[in-house]
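The structure file data34.pdb is reproduced below (PDB, C-alpha atoms).
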```pdb
ATOM      1  CA  MET A   1       0.000   0.000   0.000  1.00  0.00           C
ATOM      2  CA  ALA A   2       1.485   3.315  -1.040  1.00  0.00           C
ATOM      3  CA  PHE A   3       1.803   6.346   1.191  1.00  0.00           C
ATOM      4  CA  VAL A   4      -0.867   8.870   0.164  1.00  0.00           C
ATOM      5  CA  PRO A   5       0.267  12.420   0.901  1.00  0.00           C
ATOM      6  CA  PHE A   6      -2.016  15.079   2.196  1.00  0.00           C
ATOM      7  CA  ALA A   7      -2.374  17.669   4.962  1.00  0.00           C
ATOM      8  CA  PRO A   8      -1.189  20.608   7.056  1.00  0.00           C
ATOM      9  CA  GLU A   9       1.361  20.212   9.740  1.00  0.00           C
ATOM     10  CA  ARG A  10       0.516  19.173  13.136  1.00  0.00           C
ATOM     11  CA  ALA A  11       3.562  17.216  14.244  1.00  0.00           C
ATOM     12  CA  ILE A  12       1.948  17.204  17.676  1.00  0.00           C
ATOM     13  CA  ALA A  13      -1.528  15.768  18.220  1.00  0.00           C
ATOM     14  CA  HIS A  14      -4.490  18.108  17.789  1.00  0.00           C
ATOM     15  CA  ALA A  15      -5.821  19.836  20.861  1.00  0.00           C
ATOM     16  CA  SER A  16      -8.829  17.876  22.052  1.00  0.00           C
ATOM     17  CA  GLY A  17     -10.894  21.037  22.191  1.00  0.00           C
ATOM     18  CA  ALA A  18     -10.514  21.887  18.506  1.00  0.00           C
ATOM     19  CA  GLN A  19     -13.500  23.859  17.211  1.00  0.00           C
ATOM     20  CA  THR A  20     -15.654  22.325  14.500  1.00  0.00           C
ATOM     21  CA  VAL A  21     -16.435  24.226  11.293  1.00  0.00           C
ATOM     22  CA  ARG A  22     -20.111  24.304  10.348  1.00  0.00           C
ATOM     23  CA  GLY A  23     -21.100  21.446   8.052  1.00  0.00           C
ATOM     24  CA  THR A  24     -18.207  19.273   9.135  1.00  0.00           C
ATOM     25  CA  GLY A  25     -17.566  16.582  11.681  1.00  0.00           C
ATOM     26  CA  GLY A  26     -14.500  14.746  12.871  1.00  0.00           C
ATOM     27  CA  ILE A  27     -12.808  11.393  13.312  1.00  0.00           C
ATOM     28  CA  ARG A  28     -11.082  10.328  16.494  1.00  0.00           C
ATOM     29  CA  GLY A  29      -9.874   7.194  18.198  1.00  0.00           C
ATOM     30  CA  ARG A  30      -6.665   5.301  18.873  1.00  0.00           C
ATOM     31  CA  LEU A  31      -3.902   3.724  16.850  1.00  0.00           C
ATOM     32  CA  ILE A  32      -3.427   0.595  18.938  1.00  0.00           C
ATOM     33  CA  LEU A  33      -0.041  -1.137  18.823  1.00  0.00           C
ATOM     34  CA  GLN A  34      -0.700  -4.810  19.465  1.00  0.00           C
ATOM     35  CA  GLN A  35       2.985  -5.487  20.047  1.00  0.00           C
ATOM     36  CA  ALA A  36       5.198  -3.366  22.282  1.00  0.00           C
ATOM     37  CA  PRO A  37       7.668  -1.295  20.212  1.00  0.00           C
ATOM     38  CA  LYS A  38      11.262  -2.484  20.477  1.00  0.00           C
ATOM     39  CA  PRO A  39      13.975   0.109  21.078  1.00  0.00           C
ATOM     40  CA  ASN A  40      17.017   0.180  18.801  1.00  0.00           C
ATOM     41  CA  GLU A  41      20.381  -0.944  20.047  1.00  0.00           C
ATOM     42  CA  ARG A  42      22.945   1.818  20.266  1.00  0.00           C
ATOM     43  CA  ARG A  43      26.518   1.221  19.297  1.00  0.00           C
ATOM     44  CA  PRO A  44      28.827   0.491  22.257  1.00  0.00           C
ATOM     45  CA  GLU A  45      31.114   3.342  23.266  1.00  0.00           C
ATOM     46  CA  VAL A  46      34.786   2.992  22.352  1.00  0.00           C
ATOM     47  CA  SER A  47      35.631   3.728  25.985  1.00  0.00           C
ATOM     48  CA  ASP A  48      33.629   0.675  27.056  1.00  0.00           C
ATOM     49  CA  PRO A  49      35.004  -2.295  25.074  1.00  0.00           C
ATOM     50  CA  GLY A  50      33.102  -5.485  25.635  1.00  0.00           C
ATOM     51  CA  ALA A  51      30.195  -3.738  27.358  1.00  0.00           C
ATOM     52  CA  SER A  52      26.675  -4.481  26.211  1.00  0.00           C
ATOM     53  CA  ALA A  53      25.099  -1.824  24.020  1.00  0.00           C
ATOM     54  CA  PRO A  54      22.850   0.548  25.995  1.00  0.00           C
ATOM     55  CA  ARG A  55      19.253   0.946  24.907  1.00  0.00           C
ATOM     56  CA  ASP A  56      18.426   3.851  22.617  1.00  0.00           C
ATOM     57  CA  PRO A  57      15.582   5.815  24.250  1.00  0.00           C
ATOM     58  CA  VAL A  58      13.823   6.620  20.971  1.00  0.00           C
ATOM     59  CA  ASP A  59      10.084   7.034  21.531  1.00  0.00           C
ATOM     60  CA  ARG A  60       8.485   4.614  19.071  1.00  0.00           C
ATOM     61  CA  ARG A  61       4.985   4.791  20.529  1.00  0.00           C
ATOM     62  CA  ARG A  62       3.717   7.415  18.087  1.00  0.00           C
ATOM     63  CA  GLY A  63       2.186   6.854  14.670  1.00  0.00           C
ATOM     64  CA  VAL A  64       0.326   8.975  12.138  1.00  0.00           C
ATOM     65  CA  VAL A  65      -3.336   8.736  11.152  1.00  0.00           C
ATOM     66  CA  TYR A  66      -4.598  10.376   7.973  1.00  0.00           C
ATOM     67  CA  LEU A  67      -7.261  10.294   5.255  1.00  0.00           C
ATOM     68  CA  GLU A  68      -6.313   8.334   2.161  1.00  0.00           C
ATOM     69  CA  GLN A  69      -7.930  10.988  -0.021  1.00  0.00           C
ATOM     70  CA  ALA A  70      -8.914  14.491   1.042  1.00  0.00           C
ATOM     71  CA  PRO A  71     -12.047  16.357  -0.005  1.00  0.00           C
ATOM     72  CA  ARG A  72     -11.313  18.774  -2.852  1.00  0.00           C
ATOM     73  CA  PRO A  73     -11.743  22.021  -0.815  1.00  0.00           C
ATOM     74  CA  ALA A  74      -8.984  20.847   1.543  1.00  0.00           C
ATOM     75  CA  PHE A  75      -6.384  21.643  -1.101  1.00  0.00           C
ATOM     76  CA  ASP A  76      -7.476  25.277  -1.323  1.00  0.00           C
ATOM     77  CA  GLU A  77      -6.179  26.230   2.116  1.00  0.00           C
ATOM     78  CA  ARG A  78      -2.563  25.420   2.883  1.00  0.00           C
ATOM     79  CA  GLU A  79      -1.012  25.904   6.301  1.00  0.00           C
ATOM     80  CA  PRO A  80       2.768  25.521   6.068  1.00  0.00           C
ATOM     81  CA  VAL A  81       4.615  25.983   9.336  1.00  0.00           C
ATOM     82  CA  ARG A  82       8.094  26.003  10.798  1.00  0.00           C
ATOM     83  CA  ILE A  83       8.873  23.215  13.230  1.00  0.00           C
ATOM     84  CA  SER A  84      11.925  21.583  14.807  1.00  0.00           C
ATOM     85  CA  MET A  85      13.315  18.075  14.896  1.00  0.00           C
ATOM     86  CA  ASP A  86      16.043  18.348  17.535  1.00  0.00           C
ATOM     87  CA  GLN A  87      19.141  16.199  17.995  1.00  0.00           C
ATOM     88  CA  LYS A  88      19.609  15.198  21.629  1.00  0.00           C
ATOM     89  CA  ASN A  89      21.607  12.343  23.136  1.00  0.00           C
ATOM     90  CA  GLU A  90      22.309  11.066  19.627  1.00  0.00           C
ATOM     91  CA  ARG A  91      18.674  10.724  18.653  1.00  0.00           C
ATOM     92  CA  PHE A  92      16.151  12.773  16.710  1.00  0.00           C
ATOM     93  CA  VAL A  93      13.419  14.333  18.850  1.00  0.00           C
ATOM     94  CA  PRO A  94      10.650  13.755  18.015  1.00  0.00           C
ATOM     95  CA  HIS A  95      11.094  10.505  16.127  1.00  0.00           C
ATOM     96  CA  VAL A  96       8.091  11.301  13.906  1.00  0.00           C
ATOM     97  CA  LEU A  97       6.896  14.623  12.475  1.00  0.00           C
ATOM     98  CA  ALA A  98       3.967  15.293  10.145  1.00  0.00           C
ATOM     99  CA  VAL A  99       3.886  18.599   8.256  1.00  0.00           C
ATOM    100  CA  MET A 100       2.170  20.380   5.382  1.00  0.00           C
ATOM    101  CA  VAL A 101       3.850  20.862   2.016  1.00  0.00           C
ATOM    102  CA  GLY A 102       5.729  24.165   2.151  1.00  0.00           C
ATOM    103  CA  SER A 103       6.701  23.762   5.808  1.00  0.00           C
ATOM    104  CA  VAL A 104      10.260  24.258   7.024  1.00  0.00           C
ATOM    105  CA  VAL A 105      11.842  21.737   9.400  1.00  0.00           C
ATOM    106  CA  ASP A 106      14.728  22.988  11.538  1.00  0.00           C
ATOM    107  CA  PHE A 107      17.361  20.487  12.695  1.00  0.00           C
ATOM    108  CA  PRO A 108      19.107  22.088  15.703  1.00  0.00           C
ATOM    109  CA  ASN A 109      22.077  20.303  17.248  1.00  0.00           C
ATOM    110  CA  SER A 110      21.604  20.133  21.023  1.00  0.00           C
ATOM    111  CA  ASP A 111      24.351  17.544  21.500  1.00  0.00           C
ATOM    112  CA  ILE A 112      27.985  18.122  22.384  1.00  0.00           C
ATOM    113  CA  THR A 113      29.136  16.362  19.233  1.00  0.00           C
ATOM    114  CA  TYR A 114      28.885  17.084  15.512  1.00  0.00           C
ATOM    115  CA  HIS A 115      25.952  15.834  13.446  1.00  0.00           C
ATOM    116  CA  ASN A 116      25.311  15.517   9.706  1.00  0.00           C
ATOM    117  CA  VAL A 117      21.607  15.244   8.875  1.00  0.00           C
ATOM    118  CA  PHE A 118      20.693  13.806   5.480  1.00  0.00           C
ATOM    119  CA  SER A 119      17.976  12.024   3.524  1.00  0.00           C
ATOM    120  CA  LEU A 120      17.959  10.029   0.292  1.00  0.00           C
ATOM    121  CA  SER A 121      14.162   9.911   0.123  1.00  0.00           C
ATOM    122  CA  ARG A 122      12.337  10.506  -3.125  1.00  0.00           C
ATOM    123  CA  ALA A 123      10.129  13.168  -1.502  1.00  0.00           C
ATOM    124  CA  LYS A 124      13.159  15.177  -0.326  1.00  0.00           C
ATOM    125  CA  ARG A 125      16.843  14.519  -0.874  1.00  0.00           C
ATOM    126  CA  PHE A 126      19.282  16.649   1.139  1.00  0.00           C
ATOM    127  CA  ASP A 127      22.594  16.623   3.003  1.00  0.00           C
ATOM    128  CA  LEU A 128      23.129  19.377   5.583  1.00  0.00           C
ATOM    129  CA  GLY A 129      26.815  18.619   6.128  1.00  0.00           C
ATOM    130  CA  ARG A 130      28.560  18.488   9.486  1.00  0.00           C
ATOM    131  CA  TYR A 131      27.674  21.148  12.036  1.00  0.00           C
ATOM    132  CA  ALA A 132      28.585  21.685  15.662  1.00  0.00           C
ATOM    133  CA  ALA A 133      26.667  21.882  18.922  1.00  0.00           C
ATOM    134  CA  GLY A 134      24.425  24.917  19.186  1.00  0.00           C
ATOM    135  CA  LYS A 135      24.057  25.255  15.423  1.00  0.00           C
ATOM    136  CA  SER A 136      20.916  24.614  13.381  1.00  0.00           C
ATOM    137  CA  LYS A 137      20.123  23.984   9.721  1.00  0.00           C
ATOM    138  CA  SER A 138      16.775  23.790   7.993  1.00  0.00           C
ATOM    139  CA  VAL A 139      15.024  22.034   5.109  1.00  0.00           C
ATOM    140  CA  LEU A 140      11.995  23.158   3.082  1.00  0.00           C
ATOM    141  CA  MET A 141       9.603  20.240   2.639  1.00  0.00           C
ATOM    142  CA  ASP A 142       8.219  21.076  -0.803  1.00  0.00           C
ATOM    143  CA  ARG A 143       6.887  17.702  -1.980  1.00  0.00           C
ATOM    144  CA  PRO A 144       4.436  15.282  -0.349  1.00  0.00           C
ATOM    145  CA  GLY A 145       5.689  11.892   0.785  1.00  0.00           C
ATOM    146  CA  VAL A 146       7.714  10.175   3.501  1.00  0.00           C
ATOM    147  CA  VAL A 147      11.153  11.621   4.241  1.00  0.00           C
ATOM    148  CA  ARG A 148      13.446   9.226   6.096  1.00  0.00           C
ATOM    149  CA  VAL A 149      16.065  11.157   8.071  1.00  0.00           C
ATOM    150  CA  PHE A 150      19.502   9.908   9.168  1.00  0.00           C
ATOM    151  CA  CYS A 151      22.781  11.173  10.605  1.00  0.00           C
ATOM    152  CA  ASP A 152      25.873  10.428   8.514  1.00  0.00           C
ATOM    153  CA  ILE A 153      28.042  10.396  11.649  1.00  0.00           C
ATOM    154  CA  HIS A 154      25.832   8.324  13.969  1.00  0.00           C
ATOM    155  CA  SER A 155      24.375   5.367  12.098  1.00  0.00           C
ATOM    156  CA  HIS A 156      21.872   4.500  14.833  1.00  0.00           C
ATOM    157  CA  MET A 157      20.052   7.838  14.435  1.00  0.00           C
ATOM    158  CA  ASN A 158      16.911   7.813  12.284  1.00  0.00           C
ATOM    159  CA  ALA A 159      13.542   9.536  12.098  1.00  0.00           C
ATOM    160  CA  PHE A 160      10.579  10.221   9.803  1.00  0.00           C
ATOM    161  CA  VAL A 161       8.979  13.366   8.407  1.00  0.00           C
ATOM    162  CA  LEU A 162       5.625  12.766   6.706  1.00  0.00           C
ATOM    163  CA  VAL A 163       4.740  15.585   4.317  1.00  0.00           C
ATOM    164  CA  PHE A 164       1.101  16.058   3.310  1.00  0.00           C
ATOM    165  CA  SER A 165      -0.671  18.171   0.722  1.00  0.00           C
ATOM    166  CA  HIS A 166      -3.857  18.617   2.801  1.00  0.00           C
ATOM    167  CA  PRO A 167      -4.770  18.975   6.468  1.00  0.00           C
ATOM    168  CA  PHE A 168      -6.433  15.756   7.559  1.00  0.00           C
ATOM    169  CA  PHE A 169      -3.694  13.993   9.522  1.00  0.00           C
ATOM    170  CA  ASP A 170      -2.525  13.755  13.096  1.00  0.00           C
ATOM    171  CA  VAL A 171       0.476  12.405  14.979  1.00  0.00           C
ATOM    172  CA  THR A 172      -0.803  10.266  17.831  1.00  0.00           C
ATOM    173  CA  ASP A 173       0.056  10.853  21.454  1.00  0.00           C
ATOM    174  CA  VAL A 174       2.025   8.196  23.347  1.00  0.00           C
ATOM    175  CA  GLU A 175      -1.200   6.281  24.065  1.00  0.00           C
ATOM    176  CA  GLY A 176      -2.214   6.273  20.412  1.00  0.00           C
ATOM    177  CA  HIS A 177      -4.985   8.890  20.546  1.00  0.00           C
ATOM    178  CA  TYR A 178      -5.638  10.991  17.448  1.00  0.00           C
ATOM    179  CA  GLU A 179      -8.188  13.536  16.222  1.00  0.00           C
ATOM    180  CA  LEU A 180      -9.028  14.672  12.695  1.00  0.00           C
ATOM    181  CA  PRO A 181     -11.357  17.682  13.105  1.00  0.00           C
ATOM    182  CA  ASN A 182     -13.265  19.704  10.500  1.00  0.00           C
ATOM    183  CA  VAL A 183     -13.749  16.831   8.046  1.00  0.00           C
ATOM    184  CA  PRO A 184     -16.597  17.474   5.566  1.00  0.00           C
ATOM    185  CA  ALA A 185     -19.481  15.006   5.876  1.00  0.00           C
ATOM    186  CA  GLY A 186     -18.900  11.875   3.827  1.00  0.00           C
ATOM    187  CA  THR A 187     -17.289   8.435   3.795  1.00  0.00           C
ATOM    188  CA  TYR A 188     -13.502   8.158   3.892  1.00  0.00           C
ATOM    189  CA  SER A 189     -10.685   5.634   4.092  1.00  0.00           C
ATOM    190  CA  VAL A 190      -8.522   6.269   7.155  1.00  0.00           C
ATOM    191  CA  ILE A 191      -4.932   5.013   7.229  1.00  0.00           C
ATOM    192  CA  GLY A 192      -2.861   4.180  10.274  1.00  0.00           C
ATOM    193  CA  TRP A 193       0.873   4.603   9.598  1.00  0.00           C
ATOM    194  CA  TYR A 194       3.587   3.305  11.889  1.00  0.00           C
ATOM    195  CA  GLU A 195       7.392   3.037  11.626  1.00  0.00           C
ATOM    196  CA  GLY A 196       7.817   3.460   7.910  1.00  0.00           C
ATOM    197  CA  GLU A 197       4.648   2.166   6.315  1.00  0.00           C
ATOM    198  CA  PRO A 198       0.841   2.237   6.325  1.00  0.00           C
ATOM    199  CA  ARG A 199      -0.255  -0.635   8.548  1.00  0.00           C
ATOM    200  CA  ILE A 200      -4.052  -0.518   8.469  1.00  0.00           C
ATOM    201  CA  THR A 201      -6.897   1.043   6.465  1.00  0.00           C
ATOM    202  CA  ARG A 202     -10.492   1.388   7.658  1.00  0.00           C
ATOM    203  CA  SER A 203     -13.578   3.055   6.201  1.00  0.00           C
ATOM    204  CA  VAL A 204     -15.589   5.540   8.272  1.00  0.00           C
ATOM    205  CA  THR A 205     -18.576   7.815   7.689  1.00  0.00           C
ATOM    206  CA  VAL A 206     -18.515  11.369   9.043  1.00  0.00           C
ATOM    207  CA  THR A 207     -21.733  13.282   9.761  1.00  0.00           C
ATOM    208  CA  ALA A 208     -21.987  17.058  10.151  1.00  0.00           C
ATOM    209  CA  GLY A 209     -21.621  18.172  13.748  1.00  0.00           C
ATOM    210  CA  GLY A 210     -20.542  14.794  15.104  1.00  0.00           C
ATOM    211  CA  TRP A 211     -17.461  12.699  15.845  1.00  0.00           C
ATOM    212  CA  ALA A 212     -16.939   9.302  14.252  1.00  0.00           C
ATOM    213  CA  GLU A 213     -15.086   6.976  16.627  1.00  0.00           C
ATOM    214  CA  LEU A 214     -12.519   4.726  14.936  1.00  0.00           C
ATOM    215  CA  ASP A 215      -9.812   2.620  16.552  1.00  0.00           C
ATOM    216  CA  LEU A 216      -7.038   1.243  14.358  1.00  0.00           C
ATOM    217  CA  PRO A 217      -5.268  -1.895  15.636  1.00  0.00           C
ATOM    218  CA  VAL A 218      -1.736  -2.272  14.274  1.00  0.00           C
ATOM    219  CA  PRO A 219      -0.635  -5.941  14.068  1.00  0.00           C
TER     220      PRO A 219
END
```

Represent the supplied structure as structure tokens.
Amino acid sequence: MAFVPFAPERAIAHASGAQTVRGTGGIRGRLILQQAPKPNERRPEVSDPGASAPRDPVDRRRGVVYLEQAPRPAFDEREPVRISMDQKNERFVPHVLAVMVGSVVDFPNSDITYHNVFSLSRAKRFDLGRYAAGKSKSVLMDRPGVVRVFCDIHSHMNAFVLVFSHPFFDVTDVEGHYELPNVPAGTYSVIGWYEGEPRITRSVTVTAGGWAELDLPVP
């Protein structure tokens, strides 16, 4: 199943009190991980030969939920933003971002070592080069798709930026909750994405003024 781009940035889950536009409803529920996410192994430190590799504290509990196809009017209003994916303790924070086409992602270096952020993804190919602690570089996300992000210096570092061309998407909270507000009434396919690929698709009908409840179990 291919990634279907669409939507304005939210990178963080929607506020639960989001106002509803007249004539629209919303979709909410949980992306339920049926297996506990496994943390990556970090490379052992040179100063600790023979020691077991410490666990990488990457937060892999978050996924992204979005509409497979957006209603036509959704493409008329774009909301690009500027948002950060930090580098702390040799990991990208957050591990997953979702943004609108035209948004700028900053990659500040909050570590004490150099980093070199790059991507070879079809949606956005870039190489920011090496830069020191306290510095920041940015990337314009100008095409929809999934951008896989790495560090050329630290091979265990990786993250995702999902870039959408319309606004109906949300990054879940750590318990899997999501909300897609202001969806025009109609029937839609909702996709649950997790760790690199769409994992589940479900159909749901939205009525004006109401919330459709939809949980998405990820095998």

| request: Show which residues sit within 8 Å of range 139-154 of chain A, as a VMD selection string. Count all atoms listed in the file, and ignore same-chain residues fewer than 2 positions away. | output: chain A and resid 3 to 6 90 100 to 106 114 to 124 126 137 156 to 165

| task | To one decimal in Å, tell me the separation between CA of Gly186 in chain A and CA of Ala208 in chain A. | result | 8.7 Å

| Selected residue of minimal separation from Gln69 in chain A among A:Gly29, A:Pro94, A:Pro167, A:Pro108, counting only C-alpha atoms | A:Pro167

| Which residue gives the smallest distance to His95 in chain A among A:Val171, A:Ala132, A:Leu67, A:Leu31, with only C-alpha atoms counted? | A:Val171

| said: Please expand the PyMOL selection byres ((chain A and resi 93) around 10) into the concrete residues it hits in this file, giving the result as a PyMOL selection string. | reply: chain A and resi 58-59+84-92+94-97+107+158-159

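Of the listed residues (A:Lys135, A:Arg199, A:Arg130, A:His177), A:His177 comes nearest to Asp215 in chain A; the distances count all atoms listed in the file.
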
| field | Distance in Å - CA of Pro219 in chain A versus CA of Glu68 in chain A | value | 19.4 Å

| field | Given the PyMOL selection byres ((chain A and resi 209) around 6), the residues it picks as a ChimeraX atom specification | value | /A:24-25,208,210

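Distance-wise, CA of Ala98 in chain A and CA of Pro80 in chain A end up 11.1 Å apart.
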
Please expand the PyMOL selection byres ((chain A and resi 212) around 8) into the concrete residues it hits in this file, giving the result as a CSV table (one decimal) with C-alpha atoms, in the frame of the given file.
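File part.csv, as written:
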```
chain,number,residue,atom,x,y,z
A,25,GLY,CA,-17.6,16.6,11.7
A,26,GLY,CA,-14.5,14.7,12.9
A,27,ILE,CA,-12.8,11.4,13.3
A,28,ARG,CA,-11.1,10.3,16.5
A,204,VAL,CA,-15.6,5.5,8.3
A,205,THR,CA,-18.6,7.8,7.7
A,206,VAL,CA,-18.5,11.4,9.0
A,207,THR,CA,-21.7,13.3,9.8
A,210,GLY,CA,-20.5,14.8,15.1
A,211,TRP,CA,-17.5,12.7,15.8
A,213,GLU,CA,-15.1,7.0,16.6
A,214,LEU,CA,-12.5,4.7,14.9
```

Please return the centre and edge lengths, in Å to one decimal, of a box with edges along x, y and z that contains all listed atoms of range 150-163 of chain A, widened by 5 Å on every side, as lines of an AutoDock Vina configuration file.
```
center_x = 16.4
center_y = 10.0
center_z = 9.6
size_x = 33.3
size_y = 21.1
size_z = 20.5
```

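All protein, DNA and RNA residues at most 9 Å from (3.3, 6.2, 7.8) are Phe3, Gly63, Val64, Val65, Tyr66, Val146, Phe160, Leu162, Ile191, Gly192, Trp193, Tyr194, Glu195, Gly196, Glu197, Pro198 and Arg199 of chain A, using all atoms listed in the file.
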
| field | Minimum-distance residue to His166 in chain A, chosen among A:Leu180, A:Gly129, A:Leu216, A:Gln34 (using all atoms listed in the file) | value |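 Residue with the minimum atom-to-atom distance to His166 in chain A: A:Leu180.
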